[in-house]
There are 2 protein chains.
Amino acid sequence: MLVLVGLGLDTKDLTLRGFEAIRNADTVYLETYTSFAPKNYIAFIEKEAGKHIETIERHNLEDDLKETVALAKKKDIAILVPGDPLIATTHSIILNEARKQHVKTEVFHSPNVFSVAIGESGLDVYKFGPTATLPFWSEHYKPVSFLDVIRNNMENKEHTLLLFDIDQKNRRPMTIREAIRILTDVEAQKKTKTITKNLRVLILGDLGKRSQRIIDVKLGAIGEKIEKELEGKVLSIIIPSRLTFAEEESLQRITKQNQ
Amino acid sequence: MLVLVGLGLDTKDLTLRGFEAIRNADTVYLETYTSFAPKNYIAFIEKEAGKHIETIERHNLEDDLKETVALAKKKDIAILVPGDPLIATTHSIILNEARKQHVKTEVFHSPNVFSVAIGESGLDVYKFGPTATLPFWSEHYKPVSFLDVIRNNMENKEHTLLLFDIDQKNRRPMTIREAIRILTDVEAQKKTKTITKNLRVLILGDLGKRSQRIIDVKLGAIGEKIEKELEGKVLSIIIPSRLTFAEEESLQRITKQNQ
C-alpha cells in the first residue's frame, strides 16, 4: 500500500488520520520539491510516530517512480508532502503509476495554500477566478501567461490568487521585490495598463503559519519597510476585484490584526 | 480567546494543532449549519480531548454572537466547524465581532470540500473558474445565477465546481435526481443549450470520506443505478472544460478506482 500524507502549512498541521497512517507505515519518505517543511516539524513526527523519515528529491521520486511504487506491493509506504498532496503539487503521476501496478493507494488531505489563502483573505470564495503562478524568470525563460489570467479575471470581476515561485536551487522563496520587478517588466513589455502603481494587492506572507502576515497595499507603496516585514516569508498575493462591503469589513479586520 | 477549529471531511480529519486547541479550551461548541459531522467523530473527540461538546444552531450562534464572543474574554472557547472554518461557511462574522470586542482569535484550518474536490478530481487546479452553489428551489425562491457561472466558465475554457445545497430542515443532502431536475428546469426556462443530455459531469460523492465515490458520466446517462450508488451521499459535481491528456489519464484512474 502507498499513502500520500499532506503535512499542511505549519508544524502539527497534519490530520489525526494522516498521523495514524504514518505510524502504520513501514517506510516513510518526505518529498520537498515545491515547498519546505520546518525541520522541527519533521523531528516531531519522527519522535511521535517512532519512524525514521528519509528525504527524497522530486527528480529522484520521478526517476525511481516504478521502483518506489513496486516496493509498495510488499510494504506500506508513506510519502509526506508539505501542503496538500493533490494541491500543492500534483502527485497524480504517483497515483497513476500505482494504478498501473495494482498498488492500493490512499490520500490524506490537509490545509493548503490554495484554500487557506482564500479563507484568510476574508474575500468571497465564489468570486475567485483561476489561480496563477508567478515564476522566476531566467535568461531564456520568461513566461508571461500569468498576466493573461490576471487580466481575464479582472474583466470577469473576479479575484486572482497569484502564487509566487520558489527558488529550488537556493531553497528560498521569491521576495516581494523580485515579484514586483517581474510584474512591472511584463507590463512594460505588454503595455496592458494592468500592473500600475495604483493596483491594490493583498500580500499573504507565511500563510497558515504562526508567522502569517497579511498586508493590504497599493503596488506603488511597497517600499523597504514592507520588504523588511516580509523577509524570508513564503509569499503570494491576491489581486482583488471590486469588493463588497462585507469583504472590505473582513479585510480591515485582517490587516489590522496583522499590524 | 476564541478559536475556530475545522473538523475536515471525515472522522479524525482535524489537525494535530486543532486537536490541541480543543484540549486547551474551557468550552467547546459544535456548529453544524452547512454540513454534518458524523456522531461517532464527535464522540471520539469528546473522549480523547476529555471535553463535553455542545451543539449550537447557526441562527443561535448569530443571535447570541455578541454574548458568545464576550464569553471568550474570560474563557477559552473553541467552535468546531465541519470542513474548514473559513471555507465551508464564512465565519468571518464571528472573527469580525471578536475584533470589535478585542478578543484574540485563532483559526485552525482543515481539509475542505473546495480543495479536496479539485485534488481528487485529478483536474488541473489552474483551470478552475469560480465555484457556484446549486440551491434548493422553493415556490417563491428559484435562484438561477449558477447557470451564468457555468456558462462564463465554459466560455473561458474553465472547469466549474458546483456544490449542491443541503436541506437544513430535513438534515439531508440534495440528491442527484433533485439536482438534475433543477438544472434541466433552468435550461428549459433560459434555453442556453448549456445543460444538455450530452453534458459530461464528474459526480463527487462523499468527498474526502472513506465512502467517497466519483463517477464520470454524461447527464443523460444518469439513471436509477447511479442514483442508487449515490444514495445518502453529500454531492457536488464538476463540469469539466476541455481536458488535457494528463487530466484524462488521471480521470480514468480515478473513476476506475471507484468502480
# chains A, B, ... in the order shown; residues from 1 in each chain; ligands from 1
call {"tool": "interface_residues", "arguments": {"of": "chain A", "to": "chain B", "cutoff": "9 Å", "atoms": "only C-alpha atoms", "output": "tab-separated table (two decimals) with all heavy atoms, in the first residue's frame"}}
result
chain	number	residue	atom	x	y	z
A	8	GLY	N	0.32	19.87	5.60
A	8	GLY	CA	-0.26	21.17	5.88
A	8	GLY	C	0.78	22.27	5.80
A	8	GLY	O	1.83	22.09	5.19
A	11	THR	N	3.90	23.40	11.51
A	11	THR	CA	4.11	22.27	12.42
A	11	THR	C	2.78	21.78	13.01
A	11	THR	O	1.96	22.58	13.42
A	11	THR	CB	5.07	22.70	13.55
A	11	THR	OG1	6.31	23.08	12.95
A	11	THR	CG2	5.34	21.57	14.52
A	12	LYS	N	2.60	20.46	13.01
A	12	LYS	CA	1.39	19.82	13.56
A	12	LYS	C	0.14	20.12	12.75
A	12	LYS	O	-0.97	20.06	13.28
A	12	LYS	CB	1.16	20.22	15.03
A	12	LYS	CG	2.30	19.80	15.95
A	12	LYS	CD	1.93	20.02	17.39
A	12	LYS	CE	3.14	19.85	18.30
A	12	LYS	NZ	2.82	20.09	19.71
A	13	ASP	N	0.34	20.45	11.48
A	13	ASP	CA	-0.79	20.81	10.63
A	13	ASP	C	-1.28	19.60	9.82
A	13	ASP	O	-2.05	19.74	8.88
A	13	ASP	CB	-0.37	21.94	9.68
A	13	ASP	CG	-1.47	22.96	9.44
A	13	ASP	OD1	-2.50	22.91	10.13
A	13	ASP	OD2	-1.28	23.80	8.56
A	14	LEU	N	-0.80	18.41	10.16
A	14	LEU	CA	-1.34	17.20	9.51
A	14	LEU	C	-2.51	16.70	10.34
A	14	LEU	O	-2.66	17.05	11.51
A	14	LEU	CB	-0.27	16.13	9.34
A	14	LEU	CG	0.03	15.14	10.46
A	14	LEU	CD1	0.94	14.04	9.96
A	14	LEU	CD2	0.69	15.86	11.63
A	15	THR	N	-3.37	15.89	9.71
A	15	THR	CA	-4.58	15.43	10.40
A	15	THR	C	-4.28	14.21	11.28
A	15	THR	O	-3.26	13.53	11.09
A	15	THR	CB	-5.68	15.05	9.39
A	15	THR	OG1	-5.23	13.95	8.60
A	15	THR	CG2	-6.02	16.22	8.48
A	16	LEU	N	-5.18	13.95	12.20
A	16	LEU	CA	-5.04	12.76	13.04
A	16	LEU	C	-4.99	11.50	12.17
A	16	LEU	O	-4.22	10.58	12.43
A	16	LEU	CB	-6.20	12.66	14.04
A	16	LEU	CG	-6.42	13.81	15.03
A	16	LEU	CD1	-7.54	13.45	16.02
A	16	LEU	CD2	-5.16	14.15	15.79
A	17	ARG	N	-5.83	11.47	11.11
A	17	ARG	CA	-5.85	10.34	10.18
A	17	ARG	C	-4.50	10.16	9.51
A	17	ARG	O	-4.00	9.05	9.35
A	17	ARG	CB	-6.85	10.57	9.06
A	17	ARG	CG	-8.28	10.57	9.42
A	17	ARG	CD	-9.13	11.05	8.25
A	17	ARG	NE	-9.19	10.06	7.19
A	17	ARG	CZ	-9.85	10.24	6.05
A	17	ARG	NH1	-10.49	11.37	5.83
A	17	ARG	NH2	-9.88	9.30	5.13
A	18	GLY	N	-3.94	11.29	9.06
A	18	GLY	CA	-2.65	11.26	8.37
A	18	GLY	C	-1.55	10.78	9.31
A	18	GLY	O	-0.70	9.97	8.93
A	19	PHE	N	-1.61	11.24	10.54
A	19	PHE	CA	-0.61	10.84	11.53
A	19	PHE	C	-0.68	9.32	11.79
A	19	PHE	O	0.35	8.65	11.86
A	19	PHE	CB	-0.81	11.62	12.83
A	19	PHE	CG	0.22	11.32	13.86
A	19	PHE	CD1	1.53	11.78	13.71
A	19	PHE	CD2	-0.09	10.56	14.98
A	19	PHE	CE1	2.50	11.49	14.65
A	19	PHE	CE2	0.87	10.27	15.93
A	19	PHE	CZ	2.17	10.73	15.77
A	84	ASP	N	-1.07	20.16	0.75
A	84	ASP	CA	-1.95	19.03	0.44
A	84	ASP	C	-1.33	18.22	-0.70
A	84	ASP	O	-0.85	18.81	-1.66
A	84	ASP	CB	-3.33	19.57	0.02
A	84	ASP	CG	-4.32	18.46	-0.26
A	84	ASP	OD1	-4.23	17.80	-1.32
A	84	ASP	OD2	-5.20	18.24	0.59
A	85	PRO	N	-1.36	16.91	-0.62
A	85	PRO	CA	-0.68	16.09	-1.63
A	85	PRO	C	-1.19	16.31	-3.05
A	85	PRO	O	-0.45	16.14	-4.01
A	85	PRO	CB	-0.99	14.65	-1.21
A	85	PRO	CG	-1.40	14.72	0.20
A	85	PRO	CD	-1.98	16.08	0.43
A	86	LEU	N	-2.46	16.67	-3.20
A	86	LEU	CA	-3.01	16.80	-4.55
A	86	LEU	C	-3.22	18.24	-4.97
A	86	LEU	O	-3.72	18.51	-6.05
A	86	LEU	CB	-4.33	16.01	-4.66
A	86	LEU	CG	-4.24	14.51	-4.38
A	86	LEU	CD1	-5.59	13.84	-4.57
A	86	LEU	CD2	-3.19	13.83	-5.25
A	87	ILE	N	-2.80	19.18	-4.13
A	87	ILE	CA	-2.97	20.59	-4.49
A	87	ILE	C	-1.60	21.27	-4.67
A	87	ILE	O	-1.27	21.73	-5.74
A	87	ILE	CB	-3.78	21.36	-3.43
A	87	ILE	CG1	-5.26	20.99	-3.49
A	87	ILE	CG2	-3.62	22.87	-3.60
A	87	ILE	CD1	-6.03	21.61	-4.62
A	90	THR	N	1.08	18.45	-7.99
A	90	THR	CA	0.23	17.38	-8.50
A	90	THR	C	0.97	16.05	-8.38
A	90	THR	O	1.92	15.79	-9.10
A	90	THR	CB	-0.20	17.65	-9.94
A	90	THR	OG1	-0.88	18.89	-9.95
A	90	THR	CG2	-1.15	16.57	-10.42
A	92	SER	N	-0.49	13.30	-8.95
A	92	SER	CA	-1.30	12.36	-9.72
A	92	SER	C	-0.43	11.32	-10.40
A	92	SER	O	-0.81	10.17	-10.56
A	92	SER	CB	-2.10	13.10	-10.79
A	92	SER	OG	-3.13	13.83	-10.18
A	93	ILE	N	0.77	11.73	-10.79
A	93	ILE	CA	1.68	10.83	-11.50
A	93	ILE	C	1.98	9.58	-10.65
A	93	ILE	O	2.04	8.47	-11.17
A	93	ILE	CB	2.98	11.59	-11.90
A	93	ILE	CG1	3.91	10.70	-12.71
A	93	ILE	CG2	3.69	12.15	-10.71
A	93	ILE	CD1	5.17	11.46	-13.20
A	95	LEU	N	-0.01	8.37	-8.26
A	95	LEU	CA	-1.24	7.58	-8.15
A	95	LEU	C	-1.52	6.84	-9.46
A	95	LEU	O	-1.99	5.70	-9.44
A	95	LEU	CB	-2.42	8.50	-7.79
A	95	LEU	CG	-2.29	9.25	-6.45
A	95	LEU	CD1	-3.51	10.14	-6.22
A	95	LEU	CD2	-2.13	8.27	-5.28
A	96	ASN	N	-1.21	7.49	-10.58
A	96	ASN	CA	-1.43	6.83	-11.87
A	96	ASN	C	-0.53	5.59	-12.01
A	96	ASN	O	-0.97	4.54	-12.47
A	96	ASN	CB	-1.18	7.79	-13.03
A	96	ASN	CG	-2.25	8.88	-13.13
A	96	ASN	OD1	-3.29	8.80	-12.49
A	96	ASN	ND2	-1.97	9.92	-13.90
A	99	ARG	N	-1.81	2.81	-9.86
A	99	ARG	CA	-2.96	2.18	-10.52
A	99	ARG	C	-2.49	1.12	-11.54
A	99	ARG	O	-3.02	0.02	-11.58
A	99	ARG	CB	-3.78	3.28	-11.21
A	99	ARG	CG	-4.85	2.80	-12.15
A	99	ARG	CD	-6.10	2.36	-11.44
A	99	ARG	NE	-6.93	1.54	-12.30
A	99	ARG	CZ	-7.88	0.73	-11.87
A	99	ARG	NH1	-8.12	0.63	-10.58
A	99	ARG	NH2	-8.58	0.02	-12.71
A	100	LYS	N	-1.47	1.50	-12.31
A	100	LYS	CA	-0.95	0.57	-13.33
A	100	LYS	C	-0.40	-0.70	-12.70
A	100	LYS	O	-0.55	-1.78	-13.22
A	100	LYS	CB	0.18	1.24	-14.13
A	100	LYS	CG	-0.33	2.09	-15.29
A	100	LYS	CD	0.83	2.72	-16.06
A	100	LYS	CE	0.37	4.02	-16.71
A	100	LYS	NZ	1.46	4.97	-16.93
A	107	VAL	N	-5.05	8.81	0.10
A	107	VAL	CA	-4.54	10.18	0.20
A	107	VAL	C	-5.11	10.83	1.45
A	107	VAL	O	-6.32	10.75	1.70
A	107	VAL	CB	-4.95	11.01	-1.04
A	107	VAL	CG1	-4.50	12.46	-0.88
A	107	VAL	CG2	-4.35	10.42	-2.31
A	108	PHE	N	-4.25	11.43	2.24
A	108	PHE	CA	-4.70	12.15	3.43
A	108	PHE	C	-4.50	13.64	3.19
A	108	PHE	O	-3.38	14.12	3.11
A	108	PHE	CB	-3.93	11.65	4.67
A	108	PHE	CG	-4.23	10.20	4.94
A	108	PHE	CD1	-3.42	9.20	4.40
A	108	PHE	CD2	-5.33	9.84	5.68
A	108	PHE	CE1	-3.72	7.86	4.61
A	108	PHE	CE2	-5.65	8.50	5.90
A	108	PHE	CZ	-4.84	7.51	5.36
A	109	HIS	N	-5.62	14.32	3.08
A	109	HIS	CA	-5.59	15.74	2.75
A	109	HIS	C	-5.23	16.59	3.95
A	109	HIS	O	-5.22	16.11	5.09
A	109	HIS	CB	-6.93	16.16	2.17
A	109	HIS	CG	-7.21	15.49	0.86
A	109	HIS	ND1	-6.65	15.92	-0.31
A	109	HIS	CD2	-7.97	14.41	0.54
A	109	HIS	CE1	-7.05	15.13	-1.30
A	109	HIS	NE2	-7.86	14.21	-0.81
A	110	SER	N	-4.97	17.86	3.69
A	110	SER	CA	-4.52	18.76	4.76
A	110	SER	C	-4.72	20.20	4.33
A	110	SER	O	-4.99	20.48	3.17
A	110	SER	CB	-3.04	18.50	5.04
A	110	SER	OG	-2.34	18.50	3.83
A	111	PRO	N	-4.58	21.13	5.29
A	111	PRO	CA	-4.68	22.55	4.93
A	111	PRO	C	-3.63	22.86	3.86
A	111	PRO	O	-2.54	22.30	3.86
A	111	PRO	CB	-4.34	23.27	6.24
A	111	PRO	CG	-4.72	22.30	7.31
A	111	PRO	CD	-4.39	20.95	6.74
A	112	ASN	N	-3.98	23.73	2.92
A	112	ASN	CA	-3.08	24.03	1.81
A	112	ASN	C	-3.21	25.49	1.42
A	112	ASN	O	-4.20	26.15	1.73
A	112	ASN	CB	-3.41	23.13	0.63
A	112	ASN	CG	-4.86	23.25	0.23
A	112	ASN	OD1	-5.24	24.17	-0.48
A	112	ASN	ND2	-5.70	22.35	0.74
A	114	PHE	N	-3.89	26.99	-1.16
A	114	PHE	CA	-5.00	27.31	-2.05
A	114	PHE	C	-6.26	27.70	-1.26
A	114	PHE	O	-6.80	28.79	-1.43
A	114	PHE	CB	-5.25	26.08	-2.92
A	114	PHE	CG	-6.18	26.29	-4.03
A	114	PHE	CD1	-5.84	27.11	-5.09
A	114	PHE	CD2	-7.40	25.65	-4.04
A	114	PHE	CE1	-6.72	27.29	-6.14
A	114	PHE	CE2	-8.27	25.83	-5.09
A	114	PHE	CZ	-7.94	26.65	-6.14
A	115	SER	N	-6.69	26.85	-0.37
A	115	SER	CA	-7.92	27.16	0.38
A	115	SER	C	-7.65	28.10	1.55
A	115	SER	O	-8.50	28.91	1.90
A	115	SER	CB	-8.62	25.88	0.86
A	115	SER	OG	-7.78	25.09	1.65
A	116	VAL	N	-6.46	28.04	2.13
A	116	VAL	CA	-6.16	28.92	3.26
A	116	VAL	C	-6.01	30.37	2.78
A	116	VAL	O	-6.44	31.30	3.47
A	116	VAL	CB	-4.92	28.43	4.04
A	116	VAL	CG1	-4.49	29.45	5.10
A	116	VAL	CG2	-5.21	27.08	4.71
A	118	ILE	N	-7.63	31.79	0.34
A	118	ILE	CA	-8.98	32.31	0.13
A	118	ILE	C	-9.67	32.54	1.47
A	118	ILE	O	-10.27	33.59	1.70
A	118	ILE	CB	-9.77	31.35	-0.78
A	118	ILE	CG1	-9.14	31.38	-2.18
A	118	ILE	CG2	-11.25	31.68	-0.80
A	118	ILE	CD1	-9.66	30.34	-3.15
A	119	GLY	N	-9.54	31.59	2.38
A	119	GLY	CA	-10.18	31.73	3.69
A	119	GLY	C	-9.63	32.89	4.50
A	119	GLY	O	-10.38	33.72	5.02
A	120	GLU	N	-8.31	32.97	4.59
A	120	GLU	CA	-7.69	34.00	5.44
A	120	GLU	C	-7.86	35.41	4.86
A	120	GLU	O	-7.79	36.39	5.59
A	120	GLU	CB	-6.20	33.70	5.65
A	120	GLU	CG	-5.93	32.50	6.57
A	120	GLU	CD	-6.22	32.80	8.04
A	120	GLU	OE1	-6.03	33.94	8.47
A	120	GLU	OE2	-6.64	31.86	8.75
A	122	GLY	N	-10.49	36.65	3.73
A	122	GLY	CA	-11.81	37.19	4.05
A	122	GLY	C	-12.63	37.50	2.80
A	122	GLY	O	-13.75	37.99	2.89
A	124	ASP	N	-14.72	36.64	-0.80
A	124	ASP	CA	-15.77	35.69	-1.15
A	124	ASP	C	-15.22	34.56	-2.01
A	124	ASP	O	-14.72	34.80	-3.12
A	124	ASP	CB	-16.87	36.45	-1.90
A	124	ASP	CG	-18.07	35.60	-2.21
A	124	ASP	OD1	-17.97	34.35	-2.09
A	124	ASP	OD2	-19.11	36.16	-2.57
A	125	VAL	N	-15.30	33.34	-1.49
A	125	VAL	CA	-14.75	32.18	-2.20
A	125	VAL	C	-15.36	32.02	-3.59
A	125	VAL	O	-14.70	31.54	-4.51
A	125	VAL	CB	-14.96	30.89	-1.35
A	125	VAL	CG1	-16.42	30.63	-1.07
A	125	VAL	CG2	-14.36	29.67	-2.03
A	126	TYR	N	-16.60	32.48	-3.77
A	126	TYR	CA	-17.28	32.33	-5.07
A	126	TYR	C	-16.86	33.37	-6.10
A	126	TYR	O	-17.33	33.36	-7.23
A	126	TYR	CB	-18.80	32.37	-4.88
A	126	TYR	CG	-19.30	31.25	-4.00
A	126	TYR	CD1	-19.71	31.48	-2.69
A	126	TYR	CD2	-19.34	29.95	-4.48
A	126	TYR	CE1	-20.15	30.44	-1.88
A	126	TYR	CE2	-19.78	28.91	-3.69
A	126	TYR	CZ	-20.18	29.15	-2.39
A	126	TYR	OH	-20.61	28.12	-1.60
A	127	LYS	N	-16.00	34.30	-5.68
A	127	LYS	CA	-15.61	35.37	-6.59
A	127	LYS	C	-14.16	35.22	-7.10
A	127	LYS	O	-13.63	36.14	-7.73
A	127	LYS	CB	-15.79	36.73	-5.93
A	127	LYS	CG	-17.23	37.24	-5.98
A	127	LYS	CD	-17.42	38.52	-5.21
A	127	LYS	CE	-16.60	39.67	-5.72
A	127	LYS	NZ	-16.67	40.84	-4.84
A	128	PHE	N	-13.55	34.06	-6.82
A	128	PHE	CA	-12.19	33.85	-7.29
A	128	PHE	C	-12.18	33.23	-8.68
A	128	PHE	O	-12.79	32.18	-8.91
A	128	PHE	CB	-11.41	32.96	-6.33
A	128	PHE	CG	-10.83	33.70	-5.16
A	128	PHE	CD1	-11.62	34.02	-4.05
A	128	PHE	CD2	-9.51	34.11	-5.18
A	128	PHE	CE1	-11.08	34.72	-2.97
A	128	PHE	CE2	-8.97	34.82	-4.11
A	128	PHE	CZ	-9.76	35.12	-3.00
A	129	GLY	N	-11.48	33.86	-9.62
A	129	GLY	CA	-11.24	33.25	-10.92
A	129	GLY	C	-10.06	32.28	-10.80
A	129	GLY	O	-9.61	31.98	-9.70
A	130	PRO	N	-9.57	31.78	-11.93
A	130	PRO	CA	-8.45	30.84	-11.88
A	130	PRO	C	-7.23	31.42	-11.18
A	130	PRO	O	-6.96	32.62	-11.24
A	130	PRO	CB	-8.15	30.58	-13.36
A	130	PRO	CG	-9.44	30.84	-14.05
A	130	PRO	CD	-10.09	31.96	-13.28
A	131	THR	N	-6.52	30.55	-10.51
A	131	THR	CA	-5.27	30.88	-9.83
A	131	THR	C	-4.13	30.85	-10.85
A	131	THR	O	-4.22	30.17	-11.86
A	131	THR	CB	-5.04	29.81	-8.74
A	131	THR	OG1	-6.09	29.92	-7.78
A	131	THR	CG2	-3.70	29.96	-8.04
A	132	ALA	N	-3.08	31.62	-10.56
A	132	ALA	CA	-1.90	31.56	-11.44
A	132	ALA	C	-0.63	31.51	-10.60
A	132	ALA	O	-0.67	31.75	-9.40
A	132	ALA	CB	-1.88	32.78	-12.37
A	133	THR	N	0.47	31.20	-11.24
A	133	THR	CA	1.76	31.17	-10.57
A	133	THR	C	2.67	32.21	-11.21
A	133	THR	O	2.67	32.37	-12.43
A	133	THR	CB	2.39	29.76	-10.69
A	133	THR	OG1	1.60	28.85	-9.94
A	133	THR	CG2	3.79	29.75	-10.12
A	152	ASN	N	-7.92	38.52	-17.53
A	152	ASN	CA	-9.22	37.87	-17.73
A	152	ASN	C	-10.06	37.92	-16.47
A	152	ASN	O	-11.25	38.20	-16.50
A	152	ASN	CB	-9.05	36.41	-18.16
A	152	ASN	CG	-8.61	36.28	-19.59
A	152	ASN	OD1	-8.82	37.19	-20.40
A	152	ASN	ND2	-7.97	35.17	-19.92
A	156	ASN	N	-13.67	39.73	-15.83
A	156	ASN	CA	-14.82	38.96	-15.32
A	156	ASN	C	-15.19	39.34	-13.88
A	156	ASN	O	-16.00	38.66	-13.25
A	156	ASN	CB	-14.51	37.46	-15.38
A	156	ASN	CG	-14.42	36.96	-16.82
A	156	ASN	OD1	-15.25	37.33	-17.65
A	156	ASN	ND2	-13.42	36.15	-17.10
A	158	GLU	N	-13.43	39.09	-11.17
A	158	GLU	CA	-13.04	38.01	-10.27
A	158	GLU	C	-11.70	38.32	-9.59
A	158	GLU	O	-10.83	38.98	-10.18
A	158	GLU	CB	-12.90	36.70	-11.06
A	158	GLU	CG	-14.22	36.20	-11.66
A	158	GLU	CD	-14.05	35.21	-12.79
A	158	GLU	OE1	-12.90	34.82	-13.07
A	158	GLU	OE2	-15.07	34.83	-13.40
A	208	GLY	N	-1.05	30.52	6.85
A	208	GLY	CA	-1.38	29.34	7.64
A	208	GLY	C	-0.33	29.00	8.68
A	208	GLY	O	-0.45	28.02	9.40
A	246	ALA	N	-19.04	43.64	2.90
A	246	ALA	CA	-18.64	42.59	3.84
A	246	ALA	C	-17.18	42.20	3.64
A	246	ALA	O	-16.45	41.96	4.60
A	246	ALA	CB	-19.54	41.36	3.66
A	249	GLU	N	-15.00	44.87	5.12
A	249	GLU	CA	-15.01	44.80	6.58
A	249	GLU	C	-14.04	43.70	7.07
A	249	GLU	O	-13.26	43.91	7.99
A	249	GLU	CB	-16.43	44.51	7.08
A	249	GLU	CG	-16.61	44.87	8.55
A	249	GLU	CD	-17.96	44.44	9.11
A	249	GLU	OE1	-18.77	43.85	8.36
A	249	GLU	OE2	-18.18	44.66	10.32
A	250	SER	N	-14.11	42.55	6.42
A	250	SER	CA	-13.21	41.46	6.80
A	250	SER	C	-11.76	41.84	6.55
A	250	SER	O	-10.88	41.60	7.38
A	250	SER	CB	-13.55	40.20	6.01
A	250	SER	OG	-14.78	39.66	6.45
A	253	ARG	N	-10.43	44.06	9.24
A	253	ARG	CA	-10.17	43.28	10.45
A	253	ARG	C	-8.84	42.53	10.31
A	253	ARG	O	-8.00	42.55	11.19
A	253	ARG	CB	-11.31	42.30	10.68
A	253	ARG	CG	-11.21	41.51	11.98
A	253	ARG	CD	-11.03	40.03	11.78
A	253	ARG	NE	-11.96	39.48	10.78
A	253	ARG	CZ	-11.69	38.39	10.10
A	253	ARG	NH1	-10.53	37.76	10.25
A	253	ARG	NH2	-12.55	37.92	9.21
A	254	ILE	N	-8.66	41.90	9.16
A	254	ILE	CA	-7.49	41.06	8.94
A	254	ILE	C	-6.20	41.85	8.94
A	254	ILE	O	-5.22	41.49	9.60
A	254	ILE	CB	-7.63	40.31	7.60
A	254	ILE	CG1	-8.70	39.22	7.76
A	254	ILE	CG2	-6.31	39.70	7.16
A	254	ILE	CD1	-9.32	38.78	6.46
A	257	GLN	N	-5.41	43.19	12.40
A	257	GLN	CA	-4.94	42.12	13.27
A	257	GLN	C	-3.47	41.83	13.01
A	257	GLN	O	-2.75	41.37	13.88
A	257	GLN	CB	-5.75	40.86	12.97
A	257	GLN	CG	-6.19	40.11	14.21
A	257	GLN	CD	-7.34	39.18	13.86
A	257	GLN	OE1	-7.48	38.70	12.75
A	257	GLN	NE2	-8.17	38.90	14.83
call {"tool": "residues_around", "arguments": {"residues": "segment 196-205 of chain B", "least_positions_apart": "6", "cutoff": "9 Å", "atoms": "only C-alpha atoms", "output": "PyMOL selection string"}}
result
chain B and resi 117+120-121+176+184+187+211-221+230+233-240
call {"tool": "select_by_dssp", "arguments": {"residues": "segment 126-223 of chain B", "states": "strand (DSSP E)", "output": "ChimeraX atom specification"}}
result
/B:132-134,160-164,166-167,172-173,200-205,213-218
call {"tool": "residues_around", "arguments": {"residues": "Glu231 of chain A", "least_positions_apart": "4", "cutoff": "9 Å", "atoms": "only C-alpha atoms", "output": "PyMOL selection string"}}
result
chain A and resi 175-176+226-227
call {"tool": "write_last_selection", "arguments": {"atoms": "all heavy atoms", "output": "mmCIF file, in the first residue's frame"}}
result
data_model
loop_
_atom_site.group_PDB
_atom_site.id
_atom_site.type_symbol
_atom_site.label_atom_id
_atom_site.label_comp_id
_atom_site.auth_asym_id
_atom_site.auth_seq_id
_atom_site.Cartn_x
_atom_site.Cartn_y
_atom_site.Cartn_z
ATOM 1 N N THR A 175 11.090 36.910 -3.335
ATOM 2 C CA THR A 175 10.817 38.066 -2.478
ATOM 3 C C THR A 175 9.784 38.970 -3.152
ATOM 4 O O THR A 175 9.562 38.881 -4.361
ATOM 5 C CB THR A 175 12.092 38.896 -2.227
ATOM 6 O OG1 THR A 175 12.501 39.466 -3.476
ATOM 7 C CG2 THR A 175 13.217 38.045 -1.661
ATOM 8 N N ILE A 176 9.207 39.869 -2.374
ATOM 9 C CA ILE A 176 8.221 40.799 -2.935
ATOM 10 C C ILE A 176 8.890 41.717 -3.960
ATOM 11 O O ILE A 176 8.305 42.076 -4.987
ATOM 12 C CB ILE A 176 7.484 41.603 -1.816
ATOM 13 C CG1 ILE A 176 6.325 42.409 -2.404
ATOM 14 C CG2 ILE A 176 8.427 42.506 -1.040
ATOM 15 C CD1 ILE A 176 5.166 41.587 -2.881
ATOM 16 N N ILE A 226 8.002 47.459 4.136
ATOM 17 C CA ILE A 226 7.219 46.251 3.877
ATOM 18 C C ILE A 226 8.123 45.092 3.462
ATOM 19 O O ILE A 226 7.947 43.954 3.898
ATOM 20 C CB ILE A 226 6.127 46.534 2.806
ATOM 21 C CG1 ILE A 226 5.037 47.438 3.424
ATOM 22 C CG2 ILE A 226 5.515 45.250 2.265
ATOM 23 C CD1 ILE A 226 3.919 47.829 2.490
ATOM 24 N N GLU A 227 9.131 45.397 2.642
ATOM 25 C CA GLU A 227 10.071 44.349 2.235
ATOM 26 C C GLU A 227 10.709 43.688 3.455
ATOM 27 O O GLU A 227 10.848 42.467 3.513
ATOM 28 C CB GLU A 227 11.174 44.939 1.347
ATOM 29 C CG GLU A 227 10.713 45.234 -0.076
ATOM 30 C CD GLU A 227 11.788 45.951 -0.898
ATOM 31 O OE1 GLU A 227 12.985 45.818 -0.552
ATOM 32 O OE2 GLU A 227 11.426 46.626 -1.858
#
call {"tool": "closest_residue", "arguments": {"among": "A:Leu243, A:Glu139, A:Asp185, A:Ile180", "to": "Gly223 of chain A", "atoms": "only C-alpha atoms"}}
result
A:Ile180
call {"tool": "atom_distance", "arguments": {"atom1": "atom CA of Val5 of chain A", "atom2": "atom CA of Ala72 of chain A"}}
result
14.8 Å
call {"tool": "atom_distance", "arguments": {"atom1": "atom CA of Asn170 of chain B", "atom2": "atom CA of Leu30 of chain B"}}
result
18.6 Å
call {"tool": "select_by_dssp", "arguments": {"residues": "segment 164-214 of chain B", "states": "alpha helix (DSSP H)", "output": "list of chain:residue names"}}
result
B:Ile176, B:Arg177, B:Glu178, B:Ala179, B:Ile180, B:Arg181, B:Ile182, B:Leu183, B:Thr184, B:Asp185, B:Val186, B:Glu187, B:Ala188, B:Gln189, B:Lys190
call {"tool": "residues_around", "arguments": {"residues": "Thr32 of chain B", "least_positions_apart": "6", "cutoff": "8 Å", "atoms": "only C-alpha atoms", "output": "list in words"}}
result
Thr55, Ile56, Glu57, Arg58, Val81 and Pro82 of chain B
call {"tool": "closest_residue", "arguments": {"among": "A:Ile53, A:Arg177, A:Leu183, A:Asp206", "to": "Tyr41 of chain A", "atoms": "only C-alpha atoms"}}
result
A:Ile53
call {"tool": "atom_distance", "arguments": {"atom1": "atom CA of Val69 of chain B", "atom2": "atom CA of Pro38 of chain B"}}
result
26.4 Å
call {"tool": "closest_residue", "arguments": {"among": "B:Lys191, B:Arg23, B:Arg172, B:Arg242", "to": "Ala78 of chain B", "atoms": "only C-alpha atoms"}}
result
B:Arg23
call {"tool": "residues_around", "arguments": {"residues": "Ala25 of chain A", "least_positions_apart": "5", "cutoff": "9 Å", "atoms": "only C-alpha atoms", "output": "list in words"}}
result
Met1, Leu2, Val3, Glu20, Lys51, Lys75, Asp76, Ile77 and Ala78 of chain A
